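Engineer: Input file: model.txt. Contents: compact mmCIF, N, CA and C atoms.
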```txt
# COMPACT_ATOMS: atom_id res chain seq x y z
N PHE A 112 0.84 -1.18 0.00
CA PHE A 112 0.00 0.00 0.00
C PHE A 112 0.87 1.24 0.00
N PHE A 113 0.36 2.30 -0.49
CA PHE A 113 1.13 3.50 -0.76
C PHE A 113 0.49 4.68 -0.03
N GLN A 114 1.29 5.44 0.68
CA GLN A 114 0.78 6.62 1.38
C GLN A 114 0.79 7.79 0.41
N ALA A 115 -0.37 8.31 0.11
CA ALA A 115 -0.49 9.45 -0.80
C ALA A 115 -1.07 10.63 -0.03
N GLU A 116 -1.02 11.78 -0.67
CA GLU A 116 -1.55 12.98 0.00
C GLU A 116 -3.02 12.81 0.36
N ASP A 117 -3.75 12.06 -0.46
CA ASP A 117 -5.19 11.90 -0.24
C ASP A 117 -5.54 10.60 0.49
N GLY A 118 -4.59 9.99 1.16
CA GLY A 118 -4.87 8.79 1.92
C GLY A 118 -4.04 7.61 1.45
N ILE A 119 -4.53 6.41 1.75
CA ILE A 119 -3.82 5.19 1.40
C ILE A 119 -4.48 4.60 0.17
N ARG A 120 -3.66 4.20 -0.80
CA ARG A 120 -4.18 3.53 -1.98
C ARG A 120 -3.20 2.46 -2.43
N ASP A 121 -3.63 1.66 -3.35
CA ASP A 121 -2.82 0.57 -3.88
C ASP A 121 -1.57 1.15 -4.54
N ALA A 122 -0.42 0.57 -4.24
CA ALA A 122 0.84 1.05 -4.80
C ALA A 122 0.87 0.91 -6.31
N GLN A 123 0.10 -0.01 -6.87
CA GLN A 123 0.11 -0.21 -8.30
C GLN A 123 -0.40 1.03 -9.03
N GLU A 124 -1.23 1.84 -8.38
CA GLU A 124 -1.75 3.05 -9.00
C GLU A 124 -0.66 4.09 -9.16
N SER A 125 0.38 3.98 -8.40
CA SER A 125 1.42 5.00 -8.42
C SER A 125 2.73 4.37 -8.88
N ARG A 126 3.82 4.77 -8.29
CA ARG A 126 5.11 4.20 -8.71
C ARG A 126 5.59 3.17 -7.70
N GLY A 127 4.63 2.44 -7.14
CA GLY A 127 4.94 1.47 -6.10
C GLY A 127 5.37 0.12 -6.65
N LEU A 128 4.73 -0.93 -6.22
CA LEU A 128 5.18 -2.28 -6.51
C LEU A 128 4.91 -2.74 -7.93
N GLY A 129 3.87 -2.23 -8.57
CA GLY A 129 3.57 -2.57 -9.96
C GLY A 129 3.46 -4.07 -10.20
N ASP A 130 2.71 -4.47 -11.19
CA ASP A 130 2.54 -5.88 -11.57
C ASP A 130 2.45 -6.80 -10.35
N VAL A 131 1.67 -6.40 -9.38
CA VAL A 131 1.55 -7.14 -8.13
C VAL A 131 1.10 -8.57 -8.38
N TYR A 132 0.20 -8.77 -9.35
CA TYR A 132 -0.34 -10.11 -9.58
C TYR A 132 0.75 -11.09 -9.99
N LYS A 133 1.86 -10.63 -10.51
CA LYS A 133 2.91 -11.55 -10.95
C LYS A 133 3.63 -12.21 -9.78
N ARG A 134 3.49 -11.67 -8.57
CA ARG A 134 4.17 -12.28 -7.42
C ARG A 134 3.30 -12.38 -6.18
N GLN A 135 2.19 -11.69 -6.13
CA GLN A 135 1.44 -11.65 -4.89
C GLN A 135 0.03 -12.21 -4.98
N TYR A 136 -0.46 -12.58 -6.15
CA TYR A 136 -1.77 -13.22 -6.25
C TYR A 136 -1.55 -14.72 -6.09
N LEU A 137 -1.85 -15.24 -4.93
CA LEU A 137 -1.52 -16.62 -4.61
C LEU A 137 -2.41 -17.63 -5.31
N ASP A 138 -3.48 -17.17 -5.97
CA ASP A 138 -4.34 -18.09 -6.71
C ASP A 138 -3.91 -18.25 -8.16
N CYS A 139 -2.91 -17.52 -8.60
CA CYS A 139 -2.44 -17.64 -9.98
C CYS A 139 -1.95 -19.05 -10.25
N GLY A 140 -2.29 -19.54 -11.44
CA GLY A 140 -1.85 -20.87 -11.83
C GLY A 140 -2.74 -22.00 -11.36
N LEU A 141 -3.86 -21.68 -10.72
CA LEU A 141 -4.76 -22.72 -10.24
C LEU A 141 -5.86 -23.05 -11.25
N GLY A 142 -5.82 -22.43 -12.42
CA GLY A 142 -6.86 -22.66 -13.41
C GLY A 142 -8.03 -21.72 -13.21
N ASN A 143 -9.14 -22.02 -13.88
CA ASN A 143 -10.34 -21.22 -13.69
C ASN A 143 -11.53 -22.11 -13.37
N LEU A 144 -12.69 -21.53 -13.22
CA LEU A 144 -13.87 -22.28 -12.78
C LEU A 144 -14.32 -23.36 -13.75
N ILE A 145 -14.00 -23.21 -15.01
CA ILE A 145 -14.46 -24.20 -15.98
C ILE A 145 -13.31 -25.09 -16.48
N GLY A 146 -12.21 -25.08 -15.75
CA GLY A 146 -11.12 -26.00 -16.04
C GLY A 146 -10.07 -25.50 -17.00
N GLY A 147 -10.16 -24.27 -17.43
CA GLY A 147 -9.16 -23.72 -18.35
C GLY A 147 -8.01 -23.09 -17.59
N GLY A 148 -7.18 -22.39 -18.32
CA GLY A 148 -6.04 -21.72 -17.72
C GLY A 148 -6.45 -20.49 -16.93
N SER A 149 -5.56 -20.02 -16.10
CA SER A 149 -5.79 -18.84 -15.29
C SER A 149 -5.30 -17.61 -16.05
N TRP A 150 -5.92 -16.48 -15.81
CA TRP A 150 -5.49 -15.23 -16.45
C TRP A 150 -4.10 -14.82 -16.00
N CYS A 151 -3.64 -15.38 -14.89
CA CYS A 151 -2.34 -14.97 -14.38
C CYS A 151 -1.41 -16.16 -14.17
N ASP A 152 -1.52 -17.17 -15.05
CA ASP A 152 -0.58 -18.29 -14.99
C ASP A 152 0.85 -17.77 -15.16
N PRO A 153 1.85 -18.45 -14.71
CA PRO A 153 1.86 -19.74 -14.04
C PRO A 153 1.71 -19.61 -12.53
N TYR A 154 1.73 -20.76 -11.86
CA TYR A 154 1.66 -20.81 -10.40
C TYR A 154 2.80 -19.98 -9.79
N ILE A 155 2.50 -19.25 -8.75
CA ILE A 155 3.51 -18.40 -8.10
C ILE A 155 4.07 -19.16 -6.90
N ASN A 156 5.28 -19.69 -7.07
CA ASN A 156 5.89 -20.45 -5.98
C ASN A 156 6.68 -19.53 -5.06
N TRP A 157 7.23 -20.09 -4.01
CA TRP A 157 7.92 -19.29 -2.99
C TRP A 157 9.17 -18.62 -3.55
N LYS A 158 9.85 -19.23 -4.49
CA LYS A 158 11.06 -18.62 -5.06
C LYS A 158 10.72 -17.34 -5.82
N LYS A 159 9.62 -17.38 -6.55
CA LYS A 159 9.21 -16.19 -7.31
C LYS A 159 8.84 -15.05 -6.36
N ILE A 160 8.17 -15.38 -5.27
CA ILE A 160 7.80 -14.35 -4.29
C ILE A 160 9.05 -13.75 -3.65
N TYR A 161 10.05 -14.59 -3.36
CA TYR A 161 11.27 -14.11 -2.71
C TYR A 161 12.01 -13.10 -3.59
N LYS A 162 11.82 -13.17 -4.91
CA LYS A 162 12.50 -12.27 -5.83
C LYS A 162 11.83 -10.90 -5.93
N LEU A 163 10.72 -10.71 -5.24
CA LEU A 163 10.00 -9.43 -5.29
C LEU A 163 10.92 -8.29 -4.86
N LYS A 164 11.03 -7.29 -5.68
CA LYS A 164 11.86 -6.13 -5.35
C LYS A 164 10.99 -5.04 -4.74
N ILE A 165 11.27 -4.69 -3.51
CA ILE A 165 10.53 -3.65 -2.80
C ILE A 165 11.29 -2.34 -2.98
N PRO A 166 10.67 -1.34 -3.58
CA PRO A 166 11.37 -0.06 -3.73
C PRO A 166 11.60 0.60 -2.38
N GLU A 167 12.72 1.25 -2.24
CA GLU A 167 12.99 1.98 -1.00
C GLU A 167 12.29 3.33 -1.10
N ASP A 168 11.16 3.40 -0.48
CA ASP A 168 10.32 4.60 -0.54
C ASP A 168 9.55 4.65 0.77
N GLU A 169 9.74 5.71 1.53
CA GLU A 169 9.10 5.80 2.85
C GLU A 169 7.58 5.83 2.76
N ARG A 170 7.05 6.04 1.57
CA ARG A 170 5.60 6.06 1.42
C ARG A 170 5.01 4.66 1.26
N ILE A 171 5.84 3.64 1.04
CA ILE A 171 5.33 2.27 0.96
C ILE A 171 5.02 1.81 2.38
N LEU A 172 3.77 1.52 2.64
CA LEU A 172 3.33 1.14 3.98
C LEU A 172 3.29 -0.36 4.20
N GLY A 173 3.18 -1.12 3.13
CA GLY A 173 3.09 -2.57 3.28
C GLY A 173 2.63 -3.19 1.98
N ALA A 174 2.26 -4.44 2.04
CA ALA A 174 1.81 -5.16 0.86
C ALA A 174 0.80 -6.21 1.31
N ALA A 175 0.19 -6.85 0.36
CA ALA A 175 -0.80 -7.89 0.66
C ALA A 175 -0.58 -9.07 -0.26
N ALA A 176 -0.75 -10.26 0.28
CA ALA A 176 -0.77 -11.47 -0.52
C ALA A 176 -2.24 -11.78 -0.77
N CYS A 177 -2.65 -11.78 -2.01
CA CYS A 177 -4.06 -11.89 -2.36
C CYS A 177 -4.43 -13.31 -2.75
N MET A 178 -5.57 -13.79 -2.25
CA MET A 178 -6.09 -15.10 -2.63
C MET A 178 -7.57 -14.94 -2.89
N TRP A 179 -7.95 -15.09 -4.15
CA TRP A 179 -9.37 -15.04 -4.50
C TRP A 179 -9.98 -16.38 -4.13
N SER A 180 -11.28 -16.40 -3.92
CA SER A 180 -11.91 -17.59 -3.34
C SER A 180 -12.65 -18.49 -4.33
N GLU A 181 -12.60 -18.22 -5.62
CA GLU A 181 -13.36 -19.06 -6.54
C GLU A 181 -12.90 -20.52 -6.52
N LEU A 182 -11.61 -20.74 -6.37
CA LEU A 182 -11.06 -22.09 -6.44
C LEU A 182 -10.44 -22.54 -5.11
N VAL A 183 -10.82 -21.88 -4.04
CA VAL A 183 -10.27 -22.20 -2.73
C VAL A 183 -11.42 -22.35 -1.74
N ASP A 184 -11.31 -23.35 -0.88
CA ASP A 184 -12.32 -23.52 0.16
C ASP A 184 -11.61 -23.77 1.49
N ASP A 185 -12.38 -24.05 2.52
CA ASP A 185 -11.82 -24.25 3.86
C ASP A 185 -10.81 -25.40 3.91
N GLU A 186 -10.95 -26.36 3.00
CA GLU A 186 -10.07 -27.52 3.00
C GLU A 186 -8.65 -27.19 2.53
N VAL A 187 -8.49 -26.21 1.67
CA VAL A 187 -7.18 -25.99 1.05
C VAL A 187 -6.59 -24.60 1.28
N ILE A 188 -7.32 -23.71 1.91
CA ILE A 188 -6.82 -22.33 2.00
C ILE A 188 -5.50 -22.22 2.76
N ASP A 189 -5.38 -22.92 3.88
CA ASP A 189 -4.13 -22.83 4.65
C ASP A 189 -2.93 -23.29 3.85
N GLN A 190 -3.08 -24.41 3.16
CA GLN A 190 -1.93 -24.94 2.42
C GLN A 190 -1.55 -24.08 1.24
N LYS A 191 -2.48 -23.34 0.69
CA LYS A 191 -2.18 -22.49 -0.44
C LYS A 191 -1.62 -21.13 -0.03
N VAL A 192 -2.04 -20.63 1.13
CA VAL A 192 -1.68 -19.27 1.52
C VAL A 192 -0.43 -19.20 2.38
N TRP A 193 -0.37 -19.94 3.49
CA TRP A 193 0.61 -19.65 4.53
C TRP A 193 2.07 -19.84 4.17
N PRO A 194 2.49 -20.90 3.51
CA PRO A 194 3.93 -20.98 3.21
C PRO A 194 4.40 -19.81 2.34
N ARG A 195 3.63 -19.44 1.34
CA ARG A 195 4.05 -18.35 0.44
C ARG A 195 3.87 -16.99 1.10
N ALA A 196 2.85 -16.83 1.93
CA ALA A 196 2.70 -15.56 2.66
C ALA A 196 3.86 -15.37 3.64
N SER A 197 4.39 -16.47 4.17
CA SER A 197 5.56 -16.38 5.06
C SER A 197 6.77 -15.83 4.31
N VAL A 198 6.94 -16.24 3.06
CA VAL A 198 8.05 -15.72 2.25
C VAL A 198 7.86 -14.23 2.00
N LEU A 199 6.65 -13.83 1.64
CA LEU A 199 6.39 -12.41 1.43
C LEU A 199 6.68 -11.62 2.70
N SER A 200 6.31 -12.16 3.85
CA SER A 200 6.58 -11.49 5.12
C SER A 200 8.07 -11.29 5.34
N GLU A 201 8.87 -12.32 5.04
CA GLU A 201 10.32 -12.20 5.21
C GLU A 201 10.88 -11.12 4.29
N VAL A 202 10.42 -11.10 3.04
CA VAL A 202 10.92 -10.11 2.09
C VAL A 202 10.55 -8.69 2.55
N LEU A 203 9.33 -8.52 3.02
CA LEU A 203 8.90 -7.19 3.47
C LEU A 203 9.61 -6.77 4.75
N TRP A 204 9.85 -7.71 5.64
CA TRP A 204 10.46 -7.40 6.92
C TRP A 204 11.97 -7.21 6.82
N SER A 205 12.63 -8.11 6.09
CA SER A 205 14.08 -8.13 6.07
C SER A 205 14.71 -7.83 4.72
N GLY A 206 13.93 -7.88 3.67
CA GLY A 206 14.50 -7.76 2.33
C GLY A 206 15.13 -9.07 1.92
N GLN A 207 15.71 -9.09 0.75
CA GLN A 207 16.38 -10.30 0.28
C GLN A 207 17.83 -10.27 0.74
N GLN A 208 18.04 -10.50 2.02
CA GLN A 208 19.39 -10.46 2.57
C GLN A 208 20.15 -11.75 2.30
N ASP A 209 19.45 -12.77 1.88
CA ASP A 209 20.07 -14.07 1.70
C ASP A 209 19.90 -14.51 0.26
N ALA A 210 20.96 -14.63 -0.48
CA ALA A 210 20.89 -15.04 -1.88
C ALA A 210 20.89 -16.56 -2.04
N SER A 211 21.12 -17.30 -0.95
CA SER A 211 21.19 -18.76 -1.02
C SER A 211 19.79 -19.37 -0.97
N VAL A 212 19.41 -20.04 -2.05
CA VAL A 212 18.12 -20.72 -2.09
C VAL A 212 18.05 -21.78 -0.99
N ALA A 213 19.15 -22.48 -0.73
CA ALA A 213 19.17 -23.53 0.29
C ALA A 213 18.86 -22.97 1.68
N ARG A 214 19.47 -21.86 2.05
CA ARG A 214 19.23 -21.28 3.38
C ARG A 214 17.80 -20.76 3.50
N VAL A 215 17.29 -20.12 2.45
CA VAL A 215 15.91 -19.64 2.49
C VAL A 215 14.96 -20.83 2.58
N ALA A 216 15.22 -21.89 1.83
CA ALA A 216 14.37 -23.09 1.89
C ALA A 216 14.37 -23.70 3.29
N ARG A 217 15.53 -23.72 3.93
CA ARG A 217 15.63 -24.26 5.29
C ARG A 217 14.79 -23.43 6.26
N ARG A 218 14.87 -22.08 6.16
CA ARG A 218 14.07 -21.22 7.04
C ARG A 218 12.58 -21.39 6.76
N LEU A 219 12.22 -21.43 5.48
CA LEU A 219 10.81 -21.58 5.13
C LEU A 219 10.27 -22.94 5.56
N GLY A 220 11.10 -23.97 5.43
CA GLY A 220 10.69 -25.30 5.91
C GLY A 220 10.43 -25.29 7.41
N ALA A 221 11.30 -24.62 8.17
CA ALA A 221 11.10 -24.52 9.62
C ALA A 221 9.83 -23.73 9.94
N GLN A 222 9.58 -22.66 9.20
CA GLN A 222 8.37 -21.87 9.41
C GLN A 222 7.13 -22.70 9.10
N THR A 223 7.18 -23.50 8.05
CA THR A 223 6.05 -24.36 7.70
C THR A 223 5.76 -25.34 8.83
N LEU A 224 6.81 -25.91 9.44
CA LEU A 224 6.61 -26.82 10.58
C LEU A 224 5.98 -26.08 11.77
N ARG A 225 6.40 -24.84 12.02
CA ARG A 225 5.77 -24.06 13.10
C ARG A 225 4.29 -23.82 12.81
N LEU A 226 3.96 -23.51 11.56
CA LEU A 226 2.56 -23.30 11.20
C LEU A 226 1.74 -24.56 11.44
N LYS A 227 2.29 -25.72 11.07
CA LYS A 227 1.59 -26.98 11.28
C LYS A 227 1.38 -27.27 12.76
N LYS A 228 2.39 -26.98 13.58
CA LYS A 228 2.25 -27.19 15.03
C LYS A 228 1.15 -26.32 15.62
N ARG A 229 0.88 -25.18 14.97
CA ARG A 229 -0.18 -24.28 15.43
C ARG A 229 -1.53 -24.63 14.83
N GLY A 230 -1.59 -25.74 14.10
CA GLY A 230 -2.86 -26.21 13.57
C GLY A 230 -3.23 -25.73 12.18
N LEU A 231 -2.31 -25.07 11.50
CA LEU A 231 -2.58 -24.62 10.13
C LEU A 231 -2.13 -25.70 9.16
N GLY A 232 -2.88 -25.92 8.12
CA GLY A 232 -2.58 -26.96 7.15
C GLY A 232 -1.61 -26.52 6.09
N ALA A 233 -0.50 -25.93 6.46
CA ALA A 233 0.48 -25.42 5.49
C ALA A 233 1.09 -26.56 4.69
N SER A 234 1.17 -26.37 3.38
CA SER A 234 1.76 -27.41 2.53
C SER A 234 3.28 -27.29 2.57
N PRO A 235 3.98 -28.41 2.31
CA PRO A 235 5.44 -28.37 2.28
C PRO A 235 5.92 -27.55 1.09
N ILE A 236 7.06 -26.92 1.23
CA ILE A 236 7.61 -26.11 0.14
C ILE A 236 8.50 -26.93 -0.78
N THR A 237 8.94 -28.08 -0.31
CA THR A 237 9.75 -28.99 -1.11
C THR A 237 9.67 -30.36 -0.46
N ALA A 238 10.30 -31.34 -1.05
CA ALA A 238 10.31 -32.70 -0.49
C ALA A 238 11.00 -32.69 0.88
N GLN A 239 10.55 -33.54 1.78
CA GLN A 239 11.15 -33.63 3.11
C GLN A 239 12.64 -33.94 3.04
N ALA A 240 13.04 -34.77 2.09
CA ALA A 240 14.47 -35.09 1.94
C ALA A 240 15.28 -33.84 1.61
N CYS A 241 14.68 -32.93 0.86
CA CYS A 241 15.40 -31.69 0.51
C CYS A 241 15.51 -30.76 1.71
N LEU A 242 14.56 -30.81 2.61
CA LEU A 242 14.68 -29.99 3.82
C LEU A 242 15.79 -30.49 4.72
N ARG A 243 16.06 -31.80 4.66
CA ARG A 243 17.15 -32.36 5.45
C ARG A 243 18.51 -32.14 4.79
N ALA A 244 18.51 -31.96 3.47
CA ALA A 244 19.78 -31.80 2.73
C ALA A 244 19.61 -30.69 1.70
N THR A 245 19.34 -29.48 2.18
CA THR A 245 19.01 -28.38 1.26
C THR A 245 20.15 -28.07 0.29
N GLU A 246 21.41 -28.17 0.74
CA GLU A 246 22.52 -27.88 -0.17
C GLU A 246 22.56 -28.88 -1.32
N THR A 247 22.22 -30.13 -1.04
CA THR A 247 22.22 -31.15 -2.10
C THR A 247 21.11 -30.88 -3.10
N CYS A 248 19.92 -30.59 -2.61
CA CYS A 248 18.78 -30.36 -3.51
C CYS A 248 18.88 -29.07 -4.29
N PHE A 249 19.36 -28.04 -3.65
CA PHE A 249 19.38 -26.73 -4.30
C PHE A 249 20.75 -26.35 -4.84
N ASP A 250 21.75 -27.21 -4.64
CA ASP A 250 23.06 -27.16 -5.24
C ASP A 250 23.53 -25.77 -5.71
N GLN A 251 23.87 -24.94 -4.77
CA GLN A 251 24.45 -23.62 -5.04
C GLN A 251 23.54 -22.65 -5.80
N GLN A 252 22.23 -22.92 -5.80
CA GLN A 252 21.32 -22.00 -6.47
C GLN A 252 21.27 -20.69 -5.70
N VAL A 253 21.19 -19.59 -6.43
CA VAL A 253 21.05 -18.28 -5.82
C VAL A 253 19.88 -17.56 -6.47
N PHE A 254 19.36 -16.57 -5.78
CA PHE A 254 18.26 -15.78 -6.32
C PHE A 254 18.79 -14.72 -7.26
```
Have the structure of the file written as structure tokens, please.
Structural biologist:
Amino acid sequence: FFQAEDGIRDAQESRGLGDVYKRQYLDCGLGNLIGGGSWCDPYINWKKIYKLKIPEDERILGAAACMWSELVDDEVIDQKVWPRASVLSEVLWSGQQDASVARVARRLGAQTLRLKKRGLGASPITAQACLRATETCFDQQVF
């Protein structure tokens, strides 16, 4: 969100985050109601969200991870929202201070386990074997 003289408005209207749907619409890539493609394909995974560039502008107040409800119900909302919203939170809070995909995956995996312990149905971000051996799975990948 963007602080303007006339109040708070979406940063996309100004020189804020722009193309928000490319990284923050968590329902992208899930198809549509009649089984076709989504207007904002492909699926937005945690790596794509981590690459979000936040402009350094004191008028930027925050951001939102959006999930439309046409293809989401009580059974799947937690698993679709929380792991990726956690990544967006890290980017907004700390920036992309860590270029190592393996270290970010390890932190996100730990956060997903915390979410599950609190009763949220967060989906895994990668295979369990990769969480135990992130350097092997992500082999020197950087953002």
Engineer: Hey, what does DSSP flag as strand (DSSP E) within chain A? Can you give it to me as a list of chain:residue names?
Structural biologist: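 Across chain A, those assigned strand (DSSP E) are A:Phe113, A:Gln114, A:Ala115, A:Gly118, A:Ile119, A:Arg120.
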Engineer: Can you work out the spacing between atom CA of A:Ala175 and atom CA of A:Gln239 in Å, to one decimal?
Structural biologist: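 Value for the atom CA of A:Ala175-atom CA of A:Gln239 distance: 28.5 Å.
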Engineer: May I have the residues within 8 Å of stretch 217-225 of chain A as a list in words, using all atoms listed in the file and disregarding those fewer than 5 positions away in the same chain?
Structural biologist: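 That gives Trp193, Pro194, Ser197, Val198, Ser211, Val212, Gly230, Leu231, Gly232, Ala233, Ser234, Pro235, Ile236, Thr237, Cys241, Leu242, Arg243 and Thr245 of chain A.
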Engineer: From a backbone DSSP assignment, name each residue in stretch 118-236 of chain A labelled alpha helix (DSSP H), as a ChimeraX atom specification.
Structural biologist: /A:132-135,157-161,188-205,212-228
Engineer: Of the candidates A:Ile188, A:Ile160, A:Arg214, A:Leu182, which one gets nearest to A:Phe249 if we count only C-alpha atoms?
Structural biologist: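 Nearest candidate to A:Phe249 out of A:Ile188, A:Ile160, A:Arg214, A:Leu182: A:Arg214.
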Engineer: Excluding A:Ser149 and any residue of its chain fewer than 6 positions from it, enumerate the residues within 9 Å of it, using only C-alpha atoms, and give them as a list in words.
Structural biologist: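 That gives Asp138, Cys139, Gly140, Leu141, Gly142 and Asn143 of chain A.
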Engineer: Those residues you just picked out, can you put them in a file as a PDB file, in the coordinates of the input with N, CA and C atoms?
Structural biologist:
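Wrote it out as selection16.pdb, contents follow:
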```pdb
ATOM      1  N   ASP A 138      -3.480 -17.170  -5.970  1.00  0.00           N
ATOM      2  CA  ASP A 138      -4.340 -18.090  -6.710  1.00  0.00           C
ATOM      3  C   ASP A 138      -3.910 -18.250  -8.160  1.00  0.00           C
ATOM      4  N   CYS A 139      -2.910 -17.520  -8.600  1.00  0.00           N
ATOM      5  CA  CYS A 139      -2.440 -17.640  -9.980  1.00  0.00           C
ATOM      6  C   CYS A 139      -1.950 -19.050 -10.250  1.00  0.00           C
ATOM      7  N   GLY A 140      -2.290 -19.540 -11.440  1.00  0.00           N
ATOM      8  CA  GLY A 140      -1.850 -20.870 -11.830  1.00  0.00           C
ATOM      9  C   GLY A 140      -2.740 -22.000 -11.360  1.00  0.00           C
ATOM     10  N   LEU A 141      -3.860 -21.680 -10.720  1.00  0.00           N
ATOM     11  CA  LEU A 141      -4.760 -22.720 -10.240  1.00  0.00           C
ATOM     12  C   LEU A 141      -5.860 -23.050 -11.250  1.00  0.00           C
ATOM     13  N   GLY A 142      -5.820 -22.430 -12.420  1.00  0.00           N
ATOM     14  CA  GLY A 142      -6.860 -22.660 -13.410  1.00  0.00           C
ATOM     15  C   GLY A 142      -8.030 -21.720 -13.210  1.00  0.00           C
ATOM     16  N   ASN A 143      -9.140 -22.020 -13.880  1.00  0.00           N
ATOM     17  CA  ASN A 143     -10.340 -21.220 -13.690  1.00  0.00           C
ATOM     18  C   ASN A 143     -11.530 -22.110 -13.370  1.00  0.00           C
TER      19      ASN A 143
END
```
Engineer: What gap, in Å, lies between atom CA of A:Ile155 and atom N of A:Gly206?
Structural biologist: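 If I compute the distance from atom CA of A:Ile155 to atom N of A:Gly206, I get 18.9 Å.
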Engineer: Take atom N of A:Asp184 and atom C of A:Gly146 and report the distance between them in Å, one decimal.
Structural biologist: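 So the two atoms, atom N of A:Asp184 and atom C of A:Gly146, lie 16.3 Å apart.
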Engineer: I need the residue nearest A:Leu203 from this list: A:Val215, A:Cys177, A:Ile165, A:Val187. Use only N, CA and C atoms for the distance.
Structural biologist: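 Nearest candidate to A:Leu203 out of A:Val215, A:Cys177, A:Ile165, A:Val187: A:Ile165.
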Engineer: Identify the residues around (1.0, -24.0, -3.9) within a radius of 8 Å, measuring from only C-alpha atoms in the coordinates stated by the file, and give them as a list in words.
Structural biologist: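 Here is the list of nearby residues: Leu137, Tyr154, Ile155, Asn156, Gln190, Lys191, Val192, Arg195 and Ser234 of chain A.
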